[in-house]
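What's in protein03.csv: CSV, C-alpha atoms and all ligand atoms
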```csv
chain,number,residue,atom,x,y,z
F,214,MET,CA,-3.1,10.0,19.2
F,215,ILE,CA,-6.3,9.7,17.2
F,216,LYS,CA,-9.4,8.6,19.2
F,217,THR,CA,-13.0,8.3,18.3
F,218,GLU,CA,-15.7,7.4,20.8
F,219,LYS,CA,-19.1,6.2,19.7
F,220,LEU,CA,-18.5,8.2,16.6
F,221,THR,CA,-21.7,8.2,14.4
F,222,LYS,CA,-22.8,9.9,11.2
F,223,GLU,CA,-26.3,9.4,10.0
F,224,TYR,CA,-27.4,10.0,6.4
F,225,ASN,CA,-31.0,9.6,5.4
F,226,GLY,CA,-31.8,7.6,8.5
F,227,LYS,CA,-28.9,5.2,8.0
F,228,ASN,CA,-25.6,5.2,9.9
F,229,ALA,CA,-22.7,5.6,7.5
F,230,VAL,CA,-20.4,5.5,10.6
F,231,ASP,CA,-22.0,3.6,13.5
F,232,ASN,CA,-20.7,4.0,17.1
F,233,LEU,CA,-17.1,3.8,15.9
F,234,ASN,CA,-14.5,3.4,18.7
F,235,LEU,CA,-11.1,3.7,17.2
F,236,GLU,CA,-7.7,4.4,18.8
F,237,VAL,CA,-4.5,5.0,16.9
F,238,GLU,CA,-1.7,5.3,19.3
F,239,ASP,CA,1.2,7.8,19.1
F,240,GLY,CA,3.8,6.7,16.6
F,241,GLU,CA,1.5,4.1,15.0
F,242,VAL,CA,1.3,3.8,11.2
F,243,PHE,CA,-2.3,2.6,11.0
F,244,GLY,CA,-3.9,1.1,7.8
F,245,PHE,CA,-7.6,1.9,7.7
F,246,LEU,CA,-9.3,-0.6,5.4
F,247,GLY,CA,-12.8,-1.5,4.4
F,248,PRO,CA,-14.9,-2.4,1.4
F,249,ASN,CA,-16.6,0.4,-0.6
F,250,GLY,CA,-19.3,2.2,1.3
F,251,ALA,CA,-17.9,0.9,4.7
F,252,GLY,CA,-17.6,4.5,6.1
F,253,LYS,CA,-13.9,5.2,5.6
F,254,SER,CA,-14.3,8.6,3.9
F,255,THR,CA,-17.1,9.7,6.3
F,256,THR,CA,-14.8,8.9,9.2
F,257,ILE,CA,-11.9,10.8,7.7
F,258,LEU,CA,-14.1,13.8,6.9
F,259,MET,CA,-15.1,13.9,10.6
F,260,LEU,CA,-11.5,13.4,11.8
F,261,THR,CA,-10.4,16.3,9.7
F,262,GLY,CA,-13.2,18.5,11.0
F,263,MET,CA,-14.9,18.9,7.5
F,264,ILE,CA,-18.2,17.4,8.5
F,265,GLU,CA,-19.7,17.2,12.0
F,266,PRO,CA,-20.6,13.9,13.7
F,267,THR,CA,-24.3,13.2,14.3
F,268,SER,CA,-23.2,12.0,17.8
F,269,GLY,CA,-20.0,10.8,19.5
F,270,THR,CA,-16.6,12.5,19.4
F,271,CYS,CA,-13.3,12.4,17.6
F,272,THR,CA,-10.2,13.8,19.1
F,273,ILE,CA,-6.7,14.4,17.6
F,274,GLU,CA,-4.0,14.8,20.2
F,275,GLY,CA,-6.8,15.5,22.7
F,276,VAL,CA,-8.4,18.2,20.6
F,277,ASN,CA,-12.1,17.7,19.8
F,278,VAL,CA,-11.9,18.6,16.1
F,279,ALA,CA,-15.6,19.3,15.7
F,280,LEU,CA,-15.5,21.9,18.5
F,281,ASN,CA,-12.1,23.3,17.6
F,282,PRO,CA,-11.5,22.8,13.8
F,283,LEU,CA,-8.8,25.4,13.6
F,284,LYS,CA,-6.7,23.9,16.3
F,285,GLY,CA,-7.2,20.6,14.6
F,286,LYS,CA,-5.8,21.9,11.4
F,287,GLU,CA,-2.6,23.0,13.2
F,288,ILE,CA,-1.8,19.6,14.5
F,289,LEU,CA,-3.1,17.6,11.5
F,290,GLY,CA,-1.7,17.0,8.0
F,291,TYR,CA,-4.2,15.7,5.5
F,292,LEU,CA,-3.8,14.4,2.0
F,293,PRO,CA,-7.2,14.0,0.4
F,294,GLU,CA,-7.8,11.5,-2.5
F,295,ASP,CA,-8.0,14.4,-5.0
F,296,VAL,CA,-6.1,17.4,-3.9
F,297,GLY,CA,-6.7,20.7,-5.6
F,298,PHE,CA,-4.0,23.3,-6.3
F,299,TYR,CA,-3.9,26.6,-8.1
F,300,ARG,CA,-3.2,25.4,-11.7
F,301,ASN,CA,-1.5,28.6,-12.8
F,302,LEU,CA,1.1,28.5,-10.0
F,303,THR,CA,4.2,26.3,-9.7
F,304,GLY,CA,4.4,23.7,-7.0
F,305,TYR,CA,6.7,26.0,-4.9
F,306,GLU,CA,4.3,28.9,-5.3
F,307,ASN,CA,1.3,26.8,-4.3
F,308,LEU,CA,3.1,25.6,-1.1
F,309,ASP,CA,4.3,29.1,-0.3
F,310,TYR,CA,0.8,30.6,-0.7
F,311,LEU,CA,-0.9,27.8,1.3
F,312,GLY,CA,1.9,27.8,3.9
F,313,LYS,CA,1.1,31.4,4.8
F,314,PHE,CA,-2.1,30.1,6.6
F,315,TYR,CA,0.1,28.3,9.1
F,316,PRO,CA,1.9,30.2,12.0
F,317,ILE,CA,5.4,29.6,10.5
F,318,GLU,CA,8.1,32.3,10.0
F,319,LYS,CA,8.8,33.1,6.3
F,320,SER,CA,12.4,31.7,6.4
F,321,GLU,CA,11.2,28.5,8.2
F,322,ARG,CA,8.4,28.1,5.6
F,323,GLU,CA,10.8,28.5,2.7
F,324,ASP,CA,13.2,26.0,4.2
F,325,ARG,CA,10.5,23.4,4.8
F,326,ILE,CA,9.1,23.9,1.2
F,327,GLU,CA,12.6,23.3,-0.3
F,328,ARG,CA,13.1,20.2,1.9
F,329,LEU,CA,9.6,18.8,1.2
F,330,LEU,CA,9.8,19.4,-2.6
F,331,LYS,CA,13.2,17.6,-2.6
F,332,SER,CA,11.7,14.8,-0.5
F,333,VAL,CA,8.8,14.2,-3.0
F,334,ARG,CA,11.2,14.7,-6.0
F,335,LEU,CA,9.6,17.9,-7.2
F,336,ASN,CA,12.4,20.3,-6.4
F,337,GLY,CA,13.5,22.4,-9.4
F,338,VAL,CA,10.3,21.7,-11.3
F,339,THR,CA,9.3,25.0,-13.0
F,340,GLN,CA,6.1,23.7,-14.7
F,341,LYS,CA,2.8,25.2,-13.5
F,342,VAL,CA,0.7,22.7,-11.5
F,343,GLY,CA,-1.9,22.7,-14.3
F,344,GLU,CA,0.7,20.8,-16.4
F,345,TYR,CA,1.4,18.3,-13.7
F,346,SER,CA,0.6,14.6,-14.1
F,347,ARG,CA,-1.7,13.0,-11.6
F,348,GLY,CA,1.3,11.4,-9.8
F,349,MET,CA,3.1,14.8,-9.5
F,350,ASN,CA,-0.1,16.3,-8.2
F,351,GLN,CA,-0.3,13.6,-5.5
F,352,ARG,CA,3.3,14.0,-4.6
F,353,LEU,CA,2.8,17.8,-4.2
F,354,GLY,CA,-0.3,16.9,-2.0
F,355,LEU,CA,1.9,14.9,0.3
F,356,ALA,CA,4.4,17.8,0.6
F,357,LEU,CA,1.4,20.1,1.5
F,358,ALA,CA,0.1,17.6,4.1
F,359,LEU,CA,3.5,17.7,5.8
F,360,LEU,CA,4.1,21.4,5.5
F,361,ASN,CA,2.9,22.3,9.0
F,362,ASP,CA,5.2,19.6,10.5
F,363,PRO,CA,2.0,17.8,11.9
F,364,LYS,CA,2.1,15.4,14.8
F,365,VAL,CA,-0.7,13.4,13.1
F,366,VAL,CA,-1.0,12.7,9.4
F,367,ILE,CA,-4.0,11.3,7.5
F,368,LEU,CA,-3.5,10.1,4.0
F,369,ASP,CA,-6.4,9.1,1.7
F,370,GLU,CA,-5.4,6.7,-1.1
F,371,PRO,CA,-1.8,8.2,-1.1
F,372,THR,CA,-0.4,5.9,-3.8
F,373,ALA,CA,-3.4,5.7,-6.2
F,374,ASN,CA,-1.7,7.8,-8.9
F,375,LEU,CA,2.0,7.1,-8.2
F,376,ASP,CA,4.3,5.3,-10.6
F,377,PRO,CA,6.5,2.5,-9.1
F,378,GLU,CA,9.4,4.9,-8.4
F,379,GLY,CA,6.9,7.3,-6.7
F,380,VAL,CA,5.6,4.4,-4.6
F,381,LEU,CA,9.1,3.5,-3.4
F,382,ARG,CA,9.8,7.1,-2.4
F,383,TYR,CA,6.4,7.3,-0.7
F,384,ARG,CA,7.3,4.2,1.4
F,385,GLU,CA,10.6,5.8,2.4
F,386,ILE,CA,8.8,9.0,3.5
F,387,ILE,CA,6.3,7.0,5.6
F,388,LYS,CA,9.3,5.2,7.3
F,389,GLU,CA,10.9,8.6,7.9
F,390,LEU,CA,7.6,9.8,9.5
F,391,GLU,CA,7.5,6.7,11.6
F,392,LYS,CA,11.1,7.3,12.8
F,393,GLU,CA,10.1,10.9,13.7
F,394,GLY,CA,7.3,9.4,15.9
F,395,LYS,CA,4.4,10.8,13.9
F,396,THR,CA,1.0,9.1,14.1
F,397,VAL,CA,-0.1,8.2,10.6
F,398,LEU,CA,-3.5,6.9,9.4
F,399,ILE,CA,-3.5,5.6,5.8
F,400,CYS,CA,-6.7,4.8,4.0
F,401,SER,CA,-6.1,2.6,1.0
F,402,HIS,CA,-7.6,-0.2,-1.0
F,403,ILE,CA,-4.2,-1.3,-2.2
F,404,LEU,CA,-3.6,-3.9,0.4
F,405,SER,CA,0.0,-4.8,-0.5
F,406,GLU,CA,0.8,-1.1,0.0
F,407,VAL,CA,-0.8,-1.0,3.4
F,408,ARG,CA,1.0,-4.2,4.3
F,409,ALA,CA,4.3,-2.7,3.3
F,410,VAL,CA,4.2,0.3,5.5
F,411,CYS,CA,1.6,-0.1,8.3
F,412,THR,CA,2.4,-1.4,11.8
F,413,THR,CA,-1.3,-1.8,12.6
F,414,LEU,CA,-4.5,-2.4,10.6
F,415,GLY,CA,-8.1,-1.7,11.3
F,416,ILE,CA,-11.0,-2.9,9.2
F,417,ILE,CA,-14.3,-1.0,9.1
F,418,SER,CA,-17.4,-2.6,7.7
F,419,GLN,CA,-20.9,-1.1,7.8
F,420,GLY,CA,-19.6,1.8,9.8
F,421,ARG,CA,-18.1,-0.4,12.6
F,422,LEU,CA,-14.6,-1.6,13.4
F,423,VAL,CA,-14.6,-5.4,12.9
F,424,ALA,CA,-10.9,-6.2,13.3
F,425,LYS,CA,-7.8,-4.4,14.6
F,426,GLY,CA,-4.2,-5.4,15.2
F,427,SER,CA,-1.0,-6.4,13.5
F,428,VAL,CA,-1.3,-7.8,9.9
F,429,GLU,CA,-1.1,-11.3,11.4
F,430,GLU,CA,-3.8,-10.6,14.0
F,431,VAL,CA,-6.1,-9.1,11.4
F,432,GLU,CA,-5.5,-12.1,9.1
F,433,ASP,CA,-6.3,-14.5,12.0
F,434,GLU,CA,-9.6,-12.6,12.6
F,435,LEU,CA,-10.5,-12.7,8.9
F,436,ILE,CA,-9.7,-16.4,8.8
F,437,ARG,CA,-12.1,-16.9,11.7
F,438,GLN,CA,-14.8,-14.7,10.1
F,439,SER,CA,-14.5,-16.4,6.7
F,440,GLY,CA,-14.3,-19.9,8.0
F,441,THR,CA,-11.2,-20.4,5.9
F,442,LYS,CA,-8.7,-23.0,7.2
F,443,GLN,CA,-5.0,-22.5,7.8
F,444,LYS,CA,-2.9,-25.6,7.8
F,445,ILE,CA,0.5,-26.6,9.0
F,446,VAL,CA,1.9,-29.0,6.4
F,447,ILE,CA,4.6,-31.5,7.4
F,448,LYS,CA,6.3,-33.5,4.7
F,449,SER,CA,7.9,-36.7,6.1
F,450,ILE,CA,9.0,-40.2,5.2
F,451,ASN,CA,8.6,-41.3,8.8
F,452,PRO,CA,5.6,-43.6,9.0
F,453,ASP,CA,5.1,-43.2,12.7
F,454,LEU,CA,4.8,-39.4,12.6
F,455,TYR,CA,1.0,-39.4,12.1
F,456,THR,CA,0.4,-41.3,15.3
F,457,GLU,CA,2.8,-39.0,17.2
F,458,ILE,CA,0.9,-35.9,16.0
F,459,GLU,CA,-2.4,-37.5,16.8
F,460,SER,CA,-1.3,-38.0,20.4
F,461,ILE,CA,-0.6,-34.2,20.8
F,462,LYS,CA,-3.3,-32.5,22.8
F,463,ASN,CA,-3.6,-28.9,21.8
F,464,PRO,CA,-6.8,-26.8,21.6
F,465,ASP,CA,-5.5,-25.0,18.4
F,466,ILE,CA,-5.4,-28.3,16.4
F,467,LEU,CA,-8.7,-28.7,14.6
F,468,GLU,CA,-8.1,-31.6,12.3
F,469,ILE,CA,-5.3,-33.8,11.1
F,470,GLU,CA,-5.3,-35.3,7.6
F,471,ARG,CA,-2.9,-37.6,5.9
F,472,THR,CA,-2.1,-37.3,2.2
F,473,ASP,CA,0.3,-39.4,0.1
F,474,ASP,CA,3.5,-37.5,1.1
F,475,SER,CA,2.4,-35.2,3.9
F,476,ILE,CA,0.4,-34.6,7.0
F,477,GLU,CA,-1.9,-31.5,7.0
F,478,ILE,CA,-2.9,-30.1,10.4
F,479,SER,CA,-5.7,-27.6,10.4
F,480,VAL,CA,-5.0,-25.1,13.1
F,481,GLN,CA,-6.5,-22.1,14.8
F,482,THR,CA,-3.2,-20.2,14.9
F,483,ASP,CA,0.4,-20.9,13.9
F,484,ILE,CA,1.6,-23.5,16.4
F,485,ARG,CA,4.7,-24.6,14.5
F,486,PRO,CA,7.0,-23.8,17.5
F,487,VAL,CA,4.8,-26.0,19.7
F,488,LEU,CA,4.9,-28.8,17.2
F,489,ALA,CA,8.6,-28.6,16.7
F,490,GLU,CA,9.1,-28.9,20.4
F,491,LYS,CA,6.7,-31.9,20.8
F,492,LEU,CA,8.2,-33.7,17.8
F,493,LYS,CA,11.8,-33.0,18.6
F,494,ASP,CA,12.5,-36.7,19.2
F,495,HIS,CA,10.8,-37.7,16.0
F,496,CYS,CA,12.4,-35.3,13.6
F,497,SER,CA,14.3,-37.8,11.5
F,498,GLY,CA,12.5,-38.2,8.2
F,499,ILE,CA,10.8,-34.7,8.3
F,500,THR,CA,11.8,-32.9,5.1
F,501,GLU,CA,9.6,-29.8,5.3
F,502,MET,CA,7.2,-28.0,7.7
F,503,TYR,CA,5.4,-24.9,6.5
F,504,LEU,CA,2.3,-22.8,7.2
F,505,ASP,CA,-0.3,-22.8,4.4
F,506,ARG,CA,-2.3,-19.8,5.2
F,507,PRO,CA,-4.5,-17.4,3.1
F,508,VAL,CA,-3.1,-13.9,2.9
F,509,LEU,CA,-4.8,-10.6,3.6
F,510,GLU,CA,-5.8,-9.9,0.0
F,511,ASP,CA,-7.6,-13.3,-0.5
F,512,LEU,CA,-9.2,-13.1,2.9
F,513,PHE,CA,-10.4,-9.6,2.3
F,514,LEU,CA,-12.1,-10.6,-1.0
F,515,LYS,CA,-13.6,-13.6,0.6
F,516,VAL,CA,-15.2,-11.8,3.5
F,517,TYR,CA,-16.2,-8.6,1.7
F,518,ARG,CA,-17.0,-9.6,-1.8
F,519,ARG,CA,-20.7,-9.5,-1.0
F,520,GLU,CA,-20.5,-5.9,0.3
F,601,LIG,P1,-16.1,4.4,1.9
F,601,LIG,O1,-15.3,5.7,2.0
F,601,LIG,O2,-15.7,3.4,2.9
F,601,LIG,O3,-16.3,3.9,0.6
F,601,LIG,P2,-18.3,6.3,2.6
F,601,LIG,O4,-17.9,6.9,3.9
F,601,LIG,O5,-18.0,7.1,1.4
F,601,LIG,O6,-17.6,4.8,2.5
F,601,LIG,O7,-19.8,5.9,2.6
F,601,LIG,C1,-20.4,5.2,3.7
F,601,LIG,C2,-21.9,5.2,3.4
F,601,LIG,O8,-22.5,6.5,3.6
F,601,LIG,C3,-22.3,4.7,2.0
F,601,LIG,O9,-23.5,4.0,2.1
F,601,LIG,C4,-22.6,6.0,1.3
F,601,LIG,O10,-23.5,5.9,0.3
F,601,LIG,C5,-23.1,6.9,2.4
F,601,LIG,N1,-22.8,8.3,2.2
F,601,LIG,C6,-21.6,8.9,2.2
F,601,LIG,N2,-21.6,10.2,2.1
F,601,LIG,C7,-23.0,10.5,1.9
F,601,LIG,C8,-23.7,11.8,1.8
F,601,LIG,N3,-23.1,12.9,1.6
F,601,LIG,N4,-25.0,11.7,1.7
F,601,LIG,C9,-25.7,10.5,1.8
F,601,LIG,N5,-25.1,9.3,2.0
F,601,LIG,C10,-23.7,9.3,2.1
```
Could the structure of this file be written out as structure tokens, please?
Ligand code: ADP
Amino acid sequence: MIKTEKLTKEYNGKNAVDNLNLEVEDGEVFGFLGPNGAGKSTTILMLTGMIEPTSGTCTIEGVNVALNPLKGKEILGYLPEDVGFYRNLTGYENLDYLGKFYPIEKSEREDRIERLLKSVRLNGVTQKVGEYSRGMNQRLGLALALLNDPKVVILDEPTANLDPEGVLRYREIIKELEKEGKTVLICSHILSEVRAVCTTLGIISQGRLVAKGSVEEVEDELIRQSGTKQKIVIKSINPDLYTEIESIKNPDILEIERTDDSIEISVQTDIRPVLAEKLKDHCSGITEMYLDRPVLEDLFLKVYRRE
């Protein structure tokens, strides 16, 4: 589990991270989102024990990483946005050298390196890392992040340099980590990627958590914050349907409008099952019913464009 309590980092009299309370449960694949300058990197640097909080705490599996950074490193796997390797060594040699810092037996280390290089499709590559593409470098970074078989994994922009095949393989690896019960925090601005792999999302803005939950819950929250409407659209040739819908009393219905061929119901949340039940005796003539709702990408732009 990852937990921050009133986590704060102050730079030049301004809070880059401001009393952040964040919990990522065991086994969760958590997408950490926010506009530029929101405080994501600063939070990650504190979670990985690389900078100290001004106040508040962050714990990984109950370990306070600021007080016990070495213990933190044992349980944490971290892929930074730009990972540096020894350029004149091969991928294998890099992992073998860096793996010696972990308390793992030589044979176990060698097995893991073989397995991980295979997993990120770098097995058998004899080139020195200095000749790697950015994508290969990032894949090797992912292998390094998993080398200590960490319970908790933090990945910063993990797909930024990957080609489409690399992205597909990366998604499979995340699914494997999820199956193994690992806790994963992914920081990315590629929202479609986050949506593809994450079970939970959290949005940070001006150093504070402003939304957290499933993709749908976070979308609901952003719809509320942006004042955007979501509508249930019903296409029907039944002239009495409008009156029927008007008679439904439901606090989630905000507005009902009639257009030439449809009825548009602005709603707080998706109440299609409720409508279907209420209208079950008036279904004849209904040709379509769908939710017209802005998606995460549009909402994110709308709410955070100014920032
Ligand atoms: P993000 O990763 O979400 O883009 P950052 O955590 O990098 O955001 O930055 C949050 C805020 O803290 C920004 O206003 C940034 O300018 C400021 N900041 C980050 N690092 C430093 C630093 N080392 N010194 C001064 N200000 C910083």
Next item on the list: Can you work out the spacing between atom CA of F:Glu344 and atom CA of F:Asn301 in Å, to one decimal?
Entry: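 Computing it gives 8.9 Å between the two atoms.
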Item checked: Residue nearest F:Val278 - candidates F:Gly250, F:Asp295, F:Ile403, F:Thr217, atoms counted: only C-alpha atoms ->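 Closest to F:Val278 of all the choices is F:Thr217.
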Which residues of chain F sit at most 9 Å from ligand LIG 601 (chain F), using all atoms listed in the file? Give each one's shortest atom pair and distance in Å (one decimal place), in chain and ascending residue order, as JSON lines.
```
{"residue": "F:Lys222", "atom": "CA", "partner": "F:LIG601", "partner_atom": "O8", "distance": 8.3}
{"residue": "F:Glu223", "atom": "CA", "partner": "F:LIG601", "partner_atom": "O8", "distance": 8.0}
{"residue": "F:Tyr224", "atom": "CA", "partner": "F:LIG601", "partner_atom": "C9", "distance": 4.9}
{"residue": "F:Asn225", "atom": "CA", "partner": "F:LIG601", "partner_atom": "C9", "distance": 6.5}
{"residue": "F:Lys227", "atom": "CA", "partner": "F:LIG601", "partner_atom": "O8", "distance": 7.9}
{"residue": "F:Asn228", "atom": "CA", "partner": "F:LIG601", "partner_atom": "O8", "distance": 7.1}
{"residue": "F:Ala229", "atom": "CA", "partner": "F:LIG601", "partner_atom": "O8", "distance": 4.0}
{"residue": "F:Val230", "atom": "CA", "partner": "F:LIG601", "partner_atom": "C1", "distance": 6.9}
{"residue": "F:Leu246", "atom": "CA", "partner": "F:LIG601", "partner_atom": "O2", "distance": 8.0}
{"residue": "F:Gly247", "atom": "CA", "partner": "F:LIG601", "partner_atom": "O2", "distance": 5.9}
{"residue": "F:Pro248", "atom": "CA", "partner": "F:LIG601", "partner_atom": "O2", "distance": 6.0}
{"residue": "F:Asn249", "atom": "CA", "partner": "F:LIG601", "partner_atom": "O3", "distance": 3.7}
{"residue": "F:Gly250", "atom": "CA", "partner": "F:LIG601", "partner_atom": "O6", "distance": 3.3}
{"residue": "F:Ala251", "atom": "CA", "partner": "F:LIG601", "partner_atom": "O2", "distance": 3.8}
{"residue": "F:Gly252", "atom": "CA", "partner": "F:LIG601", "partner_atom": "O4", "distance": 3.3}
{"residue": "F:Lys253", "atom": "CA", "partner": "F:LIG601", "partner_atom": "O2", "distance": 3.7}
{"residue": "F:Ser254", "atom": "CA", "partner": "F:LIG601", "partner_atom": "O1", "distance": 3.6}
{"residue": "F:Thr255", "atom": "CA", "partner": "F:LIG601", "partner_atom": "O4", "distance": 3.8}
{"residue": "F:Thr256", "atom": "CA", "partner": "F:LIG601", "partner_atom": "O4", "distance": 6.5}
{"residue": "F:Ile257", "atom": "CA", "partner": "F:LIG601", "partner_atom": "O4", "distance": 8.1}
{"residue": "F:Leu258", "atom": "CA", "partner": "F:LIG601", "partner_atom": "O4", "distance": 8.4}
{"residue": "F:Cys400", "atom": "CA", "partner": "F:LIG601", "partner_atom": "O1", "distance": 8.9}
{"residue": "F:Ile417", "atom": "CA", "partner": "F:LIG601", "partner_atom": "O2", "distance": 7.7}
{"residue": "F:Ser418", "atom": "CA", "partner": "F:LIG601", "partner_atom": "O2", "distance": 7.9}
{"residue": "F:Gln419", "atom": "CA", "partner": "F:LIG601", "partner_atom": "C1", "distance": 7.5}
{"residue": "F:Gly420", "atom": "CA", "partner": "F:LIG601", "partner_atom": "C1", "distance": 7.0}
```
Checklist line | atom CA of F:Ser497 to atom CA of F:Glu470, distance in Å rounded to a single decimal | finding: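 Atom-to-atom, atom CA of F:Ser497 and atom CA of F:Glu470 are spaced 20.1 Å apart.
As for atom CA of F:Leu512 and atom CA of F:Thr482, they are spaced 15.2 Å apart.
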Next item on the list: Up to 9 Å from (6.2, 10.8, -5.1) in the file's coordinates: name the residues, counting all atoms listed in the file, as number ranges by chain.
Entry: F: 332-335, 348-353, 355, 372, 375-376, 378-383
Notebook entry, point to check: Which polymer residues have any atom within 12 Å of an atom of F:Lys442, counting all atoms listed in the file, with same-chain residues fewer than 6 positions away left out, as a ChimeraX atom specification?
Noted result: /F:432-436,465-469,477-483,504-508,512
Next item on the list: Counting all atoms listed in the file, figure out which residue out of F:Tyr455, F:Phe245, F:Tyr299, F:Tyr503 gets nearest to F:Tyr345.
Entry: F:Tyr299
Note to self: Under the rule that all atoms listed in the file are counted, which of F:Ala358, F:Asp231, F:Leu488, F:Lys341 is the nearest residue to F:Asn463?
What the structure shows: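 Closest to F:Asn463, using all atoms listed in the file: F:Leu488.
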Can you pull out the residues contacting F:Gly240? Cut-off 8 Å, using all atoms listed in the file, and skip same-chain residues under 5 positions away; I want them as a PDB file with C-alpha atoms, in the coordinates of the input.
```
ATOM      1  CA  GLU F 391       7.500   6.700  11.600  1.00  0.00           C
ATOM      2  CA  GLY F 394       7.300   9.400  15.900  1.00  0.00           C
ATOM      3  CA  LYS F 395       4.400  10.800  13.900  1.00  0.00           C
ATOM      4  CA  THR F 396       1.000   9.100  14.100  1.00  0.00           C
ATOM      5  CA  VAL F 397      -0.100   8.200  10.600  1.00  0.00           C
TER       6      VAL F 397
END
```
Check: Nearest to F:Tyr291: which of F:Ile387, F:Ile476, F:Leu398, F:Cys271 is it, counting all atoms listed in the file?
Finding: F:Leu398
Notebook entry, point to check: Which is closer to F:Lys216 than all the others in F:Glu274, F:Glu406, F:Glu265, F:Glu430, using all atoms listed in the file?
Noted result: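 Counting all atoms listed in the file, the residue closest to F:Lys216 is F:Glu274.
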Margin query: Set the distance at 10 Å and use only C-alpha atoms: which residues neighbour F:Leu311 once local chain neighbours fewer than 6 positions away are removed? I'd like the list as a VMD selection string.
Written below: chain F and resid 298 to 299 305 357 360
Margin query: Considering only C-alpha atoms, can you say which of F:Val242, F:Ala489, F:Ile273, F:Leu414 comes closest to F:Leu368?
Written below: F:Val242
Generate N, CA and C atoms for stretch 277-292 of chain F and emit them as a PDB file, in the coordinates of the input.
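For reference, selection-v2.pdb as written:
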```pdb
ATOM      1  N   ASN F 277     -10.789  18.104  20.378  1.00  0.00           N
ATOM      2  CA  ASN F 277     -12.100  17.700  19.800  1.00  0.00           C
ATOM      3  C   ASN F 277     -12.193  18.532  18.462  1.00  0.00           C
ATOM      4  N   VAL F 278     -12.003  17.860  17.321  1.00  0.00           N
ATOM      5  CA  VAL F 278     -11.900  18.600  16.100  1.00  0.00           C
ATOM      6  C   VAL F 278     -13.212  19.228  15.606  1.00  0.00           C
ATOM      7  N   ALA F 279     -14.339  18.662  16.069  1.00  0.00           N
ATOM      8  CA  ALA F 279     -15.600  19.300  15.700  1.00  0.00           C
ATOM      9  C   ALA F 279     -15.821  20.583  16.419  1.00  0.00           C
ATOM     10  N   LEU F 280     -15.336  20.661  17.672  1.00  0.00           N
ATOM     11  CA  LEU F 280     -15.500  21.900  18.500  1.00  0.00           C
ATOM     12  C   LEU F 280     -14.409  22.902  18.169  1.00  0.00           C
ATOM     13  N   ASN F 281     -13.244  22.402  17.725  1.00  0.00           N
ATOM     14  CA  ASN F 281     -12.100  23.300  17.600  1.00  0.00           C
ATOM     15  C   ASN F 281     -11.346  22.966  16.248  1.00  0.00           C
ATOM     16  N   PRO F 282     -12.054  23.179  15.102  1.00  0.00           N
ATOM     17  CA  PRO F 282     -11.500  22.800  13.800  1.00  0.00           C
ATOM     18  C   PRO F 282     -10.158  23.472  13.482  1.00  0.00           C
ATOM     19  N   LEU F 283     -10.003  24.728  13.905  1.00  0.00           N
ATOM     20  CA  LEU F 283      -8.800  25.400  13.600  1.00  0.00           C
ATOM     21  C   LEU F 283      -7.566  24.868  14.283  1.00  0.00           C
ATOM     22  N   LYS F 284      -7.754  24.562  15.569  1.00  0.00           N
ATOM     23  CA  LYS F 284      -6.700  23.900  16.300  1.00  0.00           C
ATOM     24  C   LYS F 284      -6.360  22.572  15.717  1.00  0.00           C
ATOM     25  N   GLY F 285      -7.413  21.880  15.291  1.00  0.00           N
ATOM     26  CA  GLY F 285      -7.200  20.600  14.600  1.00  0.00           C
ATOM     27  C   GLY F 285      -6.339  20.694  13.421  1.00  0.00           C
ATOM     28  N   LYS F 286      -6.575  21.738  12.625  1.00  0.00           N
ATOM     29  CA  LYS F 286      -5.800  21.900  11.400  1.00  0.00           C
ATOM     30  C   LYS F 286      -4.314  22.158  11.675  1.00  0.00           C
ATOM     31  N   GLU F 287      -4.031  22.767  12.837  1.00  0.00           N
ATOM     32  CA  GLU F 287      -2.600  23.000  13.200  1.00  0.00           C
ATOM     33  C   GLU F 287      -1.843  21.775  13.467  1.00  0.00           C
ATOM     34  N   ILE F 288      -2.524  20.771  14.056  1.00  0.00           N
ATOM     35  CA  ILE F 288      -1.800  19.600  14.500  1.00  0.00           C
ATOM     36  C   ILE F 288      -1.913  18.432  13.459  1.00  0.00           C
ATOM     37  N   LEU F 289      -2.756  18.657  12.446  1.00  0.00           N
ATOM     38  CA  LEU F 289      -3.100  17.600  11.500  1.00  0.00           C
ATOM     39  C   LEU F 289      -2.560  17.886  10.112  1.00  0.00           C
ATOM     40  N   GLY F 290      -1.990  16.875   9.460  1.00  0.00           N
ATOM     41  CA  GLY F 290      -1.700  17.000   8.000  1.00  0.00           C
ATOM     42  C   GLY F 290      -2.593  16.057   7.296  1.00  0.00           C
ATOM     43  N   TYR F 291      -3.173  16.529   6.194  1.00  0.00           N
ATOM     44  CA  TYR F 291      -4.200  15.700   5.500  1.00  0.00           C
ATOM     45  C   TYR F 291      -3.941  15.717   4.009  1.00  0.00           C
ATOM     46  N   LEU F 292      -3.861  14.515   3.452  1.00  0.00           N
ATOM     47  CA  LEU F 292      -3.800  14.400   2.000  1.00  0.00           C
ATOM     48  C   LEU F 292      -5.087  13.763   1.509  1.00  0.00           C
TER      49      LEU F 292
END
```
